[in-house]
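Peer 1: Here it is, the structure, as C-alpha cells.
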Amino acid sequence: MTEHKPVVLVVDDERDHADGIVEALERLPVKALAVYTGEDAIEMVRRRRVDVVVTDLKLEGQADGLDVLREARQHSDSTQVILITAYATIENCKEAIKQGAFDYLVKPLDIDQLRTLVEQASRKAASADQGRTPSERNQERFLFEGIKGNSPAMQGIFEIVRRVAPTNIAVLIEGPSGTGKELLARAIHDNSLRRTKPFRPVNCAGLTETLLESELFGHVRGAFTGANTDRKGLFEIAHEGTLFLDEIGDMPLNMQAKLLRVLEDGLVIPVGSSKAISVDVRIISATNHSLSRLIEQNRFREDLYFRIKGVSVSLPALRERPEDIPLLVEHFLQEAVEEIGSNVRGVSDAAMQILVGHDWPGNVRQLKNAVRTMVVMCDRDRLDVQDIPPEISRRRQLTGASASPSNLAGVSLNDIEKKAIVDTLARTEGNREKAAKILGIGERTLYRKIKEYNL
C-alpha cells in the first residue's frame, strides 16, 4: 500500500505566485495543487480531502482568505490553514488564528519558513486524522453542510449518500418535518456530477394544481389570466441539474400523471403551448407521509412511486438519535455566533443535559431555532439553563402535568394547541391525515398550524 502524501492546496489570485509556491513545495513529500480564486478553493475543499491550505488573505472575487479558512475548518477539523498577508493586515491574521488558522506568514515570503510551516501543519493534520474512524475520514471527502451525526442511523445515511450521489438515480427522502430533508437533497446534489448546474426546490404542498403545473413546466403568454409573459418552468431552469420535489405526497393526482409523463419522456410542454422541450433533470423527492399508505388509499400513483423511488433514505426523528444532539448544538452554536457576532463560546453541562433530554417534536429545525434564540438572548460567554427558550421549559411542564387537567391553569391556548398537534403527530407517526381526523380539523388547517408553530 502506497503511503498517503499530504495534499497542500495553494490559493493566490496571482497565478505566477501560486505556481511558484507549488514549485517550492515540491521538495517536500506532499502533493501540492494551485487554484487562483477563493471560490475555486472552497469548491476544492468541499470536493476532496485537503490536509493543508496555504492561502493569501486578500483574493479577488467574493471569497477571501478568511472565507476559505472558515469553509476548510467547517468541512474538516483536521485541515490546517496557513494565511499569507502584507504588513497592513497582520492584525487580521492574528484574529484568524483565533478562528482556527494554523499560522500566518508575512510577504515577502521566506520559502524555508513556508516549507517548515507546511511540514508542521501536515503533521498536525495527520495527528488530528488519527483519532477518526475510517467512516469519519471517508465522510470528509463529501459535503454534508448542516447535516451532522455520529449515530449509527446517520452514518448509514451518509454511506448511502456517498454511494448514490455520483449517479443519476432518483432518490426519495422520507422522514418527519424538520429532520433536514432539503439539506440532505442539497448534499446529494453538491456531491454529484451535476453540482455546477442548478439545484431547484419546489414545495408541492404549498401551491394549487394550476400554479404547480406552471411552476414546474412553465407557461406561455396568455395561457391563463395573469400570464402576461412567457415563463420558464423549473424543469427547464434546472436542466442538467437537480429538481427537489418537497412534500411530493401532497401533489394532486392530475399533476402526478403529468409529472410521470415528463419523467418517462424527458419532455415538458409549457402551459398553453404545444411545443415540447427536452430536459435532463435529476429528481430528488421528499415526503413526511407514508407513500405506500397513500397508494392503498388511491391518493398516490404506484407507477410514479416506483419512478421516484430509485433509492430511498429515511431520516429519523431527532428523539430517535439523542446522541447526535450535542454535536448539532455545537454546530448551530457556531453558526449563530458567526451570524450574530456573539461572544458565546460554549454550553453548560446542565443546559446540554436538558437539551439532550428534550423530545424535540420539531426535530432538527426546532433545535436550530432554539440554539439561535439562546445565543441572541445570552449576555455571557456560555449558554446556561436560564437561556433555554420558555416554550421548551413550558413543554416540559406540560408533559409532566398532562395527567392532571387542573395543572393547565395559566397555560396559553396556543401552547395547549401546539402540544396537541405535536403529540398527535407523534402518535400517528407523522401521518397528517390521521392526525387531522383525530384533532377534528381539515388537513389544510393542520398544515397551516404546523407552519405557524414551526413544527
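For the C-alpha cells, the naming scheme is as follows: chains receive sequential letters (A, B, ...) according to their order of presentation, residues are indexed from 1 within each chain, and ligands are indexed from 1 in presentation order.
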Write out as a list in words which residues come within 8 Å of segment 218-229 of chain A when counting only C-alpha atoms, dropping same-chain ones fewer than 3 positions away.
Peer 2: Glu213, Ser214, Glu215, Lys232, Gly233, Leu234, Ile269, Pro270, Val271, Gly272 and Ser273 of chain A
Peer 1: Just N, CA and C atoms for this one: save the residues we selected as a short mmCIF file (atom, residue, chain, number, x, y, z; two decimals), in the first residue's frame.
Peer 2:
data_model
loop_
_atom_site.label_atom_id
_atom_site.label_comp_id
_atom_site.auth_asym_id
_atom_site.auth_seq_id
_atom_site.Cartn_x
_atom_site.Cartn_y
_atom_site.Cartn_z
N GLU A 213 -48.34 23.37 -11.81
CA GLU A 213 -48.05 22.99 -13.19
C GLU A 213 -47.24 24.08 -13.89
N SER A 214 -47.63 25.34 -13.66
CA SER A 214 -46.88 26.45 -14.24
C SER A 214 -45.47 26.53 -13.67
N GLU A 215 -45.35 26.29 -12.34
CA GLU A 215 -44.04 26.36 -11.69
C GLU A 215 -43.09 25.31 -12.24
N LYS A 232 -40.24 30.36 -18.05
CA LYS A 232 -39.65 29.02 -17.99
C LYS A 232 -40.07 28.32 -16.70
N GLY A 233 -40.28 27.01 -16.80
CA GLY A 233 -40.58 26.21 -15.62
C GLY A 233 -39.30 25.70 -14.97
N LEU A 234 -39.44 25.14 -13.76
CA LEU A 234 -38.27 24.69 -13.02
C LEU A 234 -37.56 23.53 -13.72
N ILE A 269 -44.04 20.30 -21.65
CA ILE A 269 -44.83 21.18 -22.51
C ILE A 269 -45.36 22.31 -21.63
N PRO A 270 -44.88 23.53 -21.82
CA PRO A 270 -45.37 24.65 -21.00
C PRO A 270 -46.88 24.81 -21.13
N VAL A 271 -47.51 25.31 -20.09
CA VAL A 271 -48.95 25.53 -20.09
C VAL A 271 -49.29 26.50 -21.22
N GLY A 272 -50.28 26.11 -22.06
CA GLY A 272 -50.71 26.96 -23.16
C GLY A 272 -49.90 26.78 -24.42
N SER A 273 -48.93 25.88 -24.42
CA SER A 273 -48.08 25.65 -25.60
C SER A 273 -48.28 24.23 -26.11
#
Peer 1: As a PyMOL selection string, please: every residue in segment 2-191 of chain A that DSSP puts in strand (DSSP E).
Peer 2: chain A and resi 7-11+31-35+52-56+80-85+103-106+171-174
Peer 1: Please dump the current selection as a PDB file, in the first residue's frame; keep C-alpha atoms.
Peer 2:
ATOM      1  CA  VAL A   7      -2.432  17.317  -0.022  1.00  0.00           C
ATOM      2  CA  VAL A   8      -1.493  21.009   0.100  1.00  0.00           C
ATOM      3  CA  LEU A   9      -3.795  23.498  -1.632  1.00  0.00           C
ATOM      4  CA  VAL A  10      -2.210  26.839  -2.594  1.00  0.00           C
ATOM      5  CA  VAL A  11      -4.626  29.745  -3.149  1.00  0.00           C
ATOM      6  CA  LYS A  31       1.124  16.755  -3.250  1.00  0.00           C
ATOM      7  CA  ALA A  32       0.742  20.496  -3.934  1.00  0.00           C
ATOM      8  CA  LEU A  33      -2.089  21.942  -6.029  1.00  0.00           C
ATOM      9  CA  ALA A  34      -2.880  25.532  -7.025  1.00  0.00           C
ATOM     10  CA  VAL A  35      -6.150  27.390  -7.546  1.00  0.00           C
ATOM     11  CA  VAL A  52      -3.132  21.930   4.385  1.00  0.00           C
ATOM     12  CA  VAL A  53      -4.348  25.139   2.752  1.00  0.00           C
ATOM     13  CA  VAL A  54      -1.885  27.956   2.041  1.00  0.00           C
ATOM     14  CA  THR A  55      -3.934  30.990   1.073  1.00  0.00           C
ATOM     15  CA  ASP A  56      -3.409  34.691   0.515  1.00  0.00           C
ATOM     16  CA  GLN A  80      -4.800  23.168   8.659  1.00  0.00           C
ATOM     17  CA  VAL A  81      -4.791  26.652   7.119  1.00  0.00           C
ATOM     18  CA  ILE A  82      -1.748  28.936   6.707  1.00  0.00           C
ATOM     19  CA  LEU A  83      -2.534  32.543   5.764  1.00  0.00           C
ATOM     20  CA  ILE A  84      -0.255  34.865   3.780  1.00  0.00           C
ATOM     21  CA  THR A  85      -0.591  38.609   4.306  1.00  0.00           C
ATOM     22  CA  ASP A 103      -0.304  30.175  11.420  1.00  0.00           C
ATOM     23  CA  TYR A 104       0.388  33.106   9.111  1.00  0.00           C
ATOM     24  CA  LEU A 105       3.314  34.408   7.046  1.00  0.00           C
ATOM     25  CA  VAL A 106       4.109  37.962   6.027  1.00  0.00           C
ATOM     26  CA  VAL A 171     -33.773   9.496  -4.613  1.00  0.00           C
ATOM     27  CA  LEU A 172     -36.759   9.518  -2.257  1.00  0.00           C
ATOM     28  CA  ILE A 173     -36.136  11.043   1.195  1.00  0.00           C
ATOM     29  CA  GLU A 174     -38.674  10.160   3.878  1.00  0.00           C
TER      30      GLU A 174
END
Peer 1: Would you mind listing what lies within 12 Å of Glu338 of chain A as a list in words, with only C-alpha atoms counted and same-chain residues fewer than 5 positions away left out?
Peer 2: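 Once the nearby chain positions are removed, what remains is Asp67, Arg70, Gln99, His331, Phe332, Leu333, Asn343, Val344, Arg345, Arg372, Val375 and Val376 of chain A.
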Peer 1: Just the number, please: distance in Å from atom CA of Ala72 of chain A to atom CA of Gly156 of chain A, one decimal.
Peer 2: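 So the two atoms, atom CA of Ala72 of chain A and atom CA of Gly156 of chain A, lie 24.3 Å apart.
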Peer 1: Quick one: of A:Ile97, A:Leu328, A:Leu304, A:Val356, who's nearest to Ile147 of chain A, counting only C-alpha atoms?
Peer 2: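 Of all the options, A:Leu328 lies closest to Ile147 of chain A.
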Peer 1: Just checking: using only C-alpha atoms, which residue out of A:Asn288, A:Asn298, A:Ser274, A:Asn150 ends up closest to Pro252 of chain A?
Peer 2: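 Of A:Asn288, A:Asn298, A:Ser274, A:Asn150, the one nearest Pro252 of chain A, counting only C-alpha atoms, is A:Asn298.
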Peer 1: With distances taken over only C-alpha atoms, which residue among A:Ile277, A:Ala351, A:Ala436, A:Pro201 lies nearest Asp265 of chain A?
Peer 2: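 Counting only C-alpha atoms, the residue closest to Asp265 of chain A is A:Ile277.
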Peer 1: What lies within 10 Å of Met374 of chain A using only C-alpha atoms, ignoring chain neighbours under 6 positions off, as a CSV table (one decimal) with N, CA and C atoms, in the first residue's frame?
Peer 2:
chain,number,residue,atom,x,y,z
A,333,LEU,N,-24.5,26.4,17.4
A,333,LEU,CA,-24.0,27.5,18.2
A,333,LEU,C,-22.9,28.2,17.4
A,336,ALA,N,-24.7,30.4,14.8
A,336,ALA,CA,-25.3,31.6,15.3
A,336,ALA,C,-24.3,32.6,15.8
A,344,VAL,N,-20.5,34.2,22.8
A,344,VAL,CA,-20.8,32.9,23.4
A,344,VAL,C,-19.8,31.9,22.8
A,368,LYS,N,-32.3,23.9,16.0
A,368,LYS,CA,-31.5,25.1,15.4
A,368,LYS,C,-32.1,26.4,15.9
A,383,LEU,N,-23.7,29.5,27.3
A,383,LEU,CA,-25.2,29.2,27.4
A,383,LEU,C,-25.4,28.4,28.7
A,384,ASP,N,-26.5,28.8,29.4
A,384,ASP,CA,-26.9,28.0,30.6
A,384,ASP,C,-28.4,27.7,30.6
A,385,VAL,N,-28.8,27.1,31.7
A,385,VAL,CA,-30.2,26.7,31.8
A,385,VAL,C,-31.2,27.9,31.6
A,386,GLN,N,-30.9,29.0,32.2
A,386,GLN,CA,-31.8,30.2,32.1
A,386,GLN,C,-31.9,30.7,30.7
A,387,ASP,N,-31.0,30.3,29.8
A,387,ASP,CA,-31.1,30.7,28.4
A,387,ASP,C,-32.0,29.9,27.5
A,388,ILE,N,-32.4,28.7,28.0
A,388,ILE,CA,-33.3,27.8,27.3
A,388,ILE,C,-34.6,28.5,27.0
A,389,PRO,N,-35.1,28.5,25.8
A,389,PRO,CA,-36.4,29.2,25.4
A,389,PRO,C,-37.6,28.7,26.3
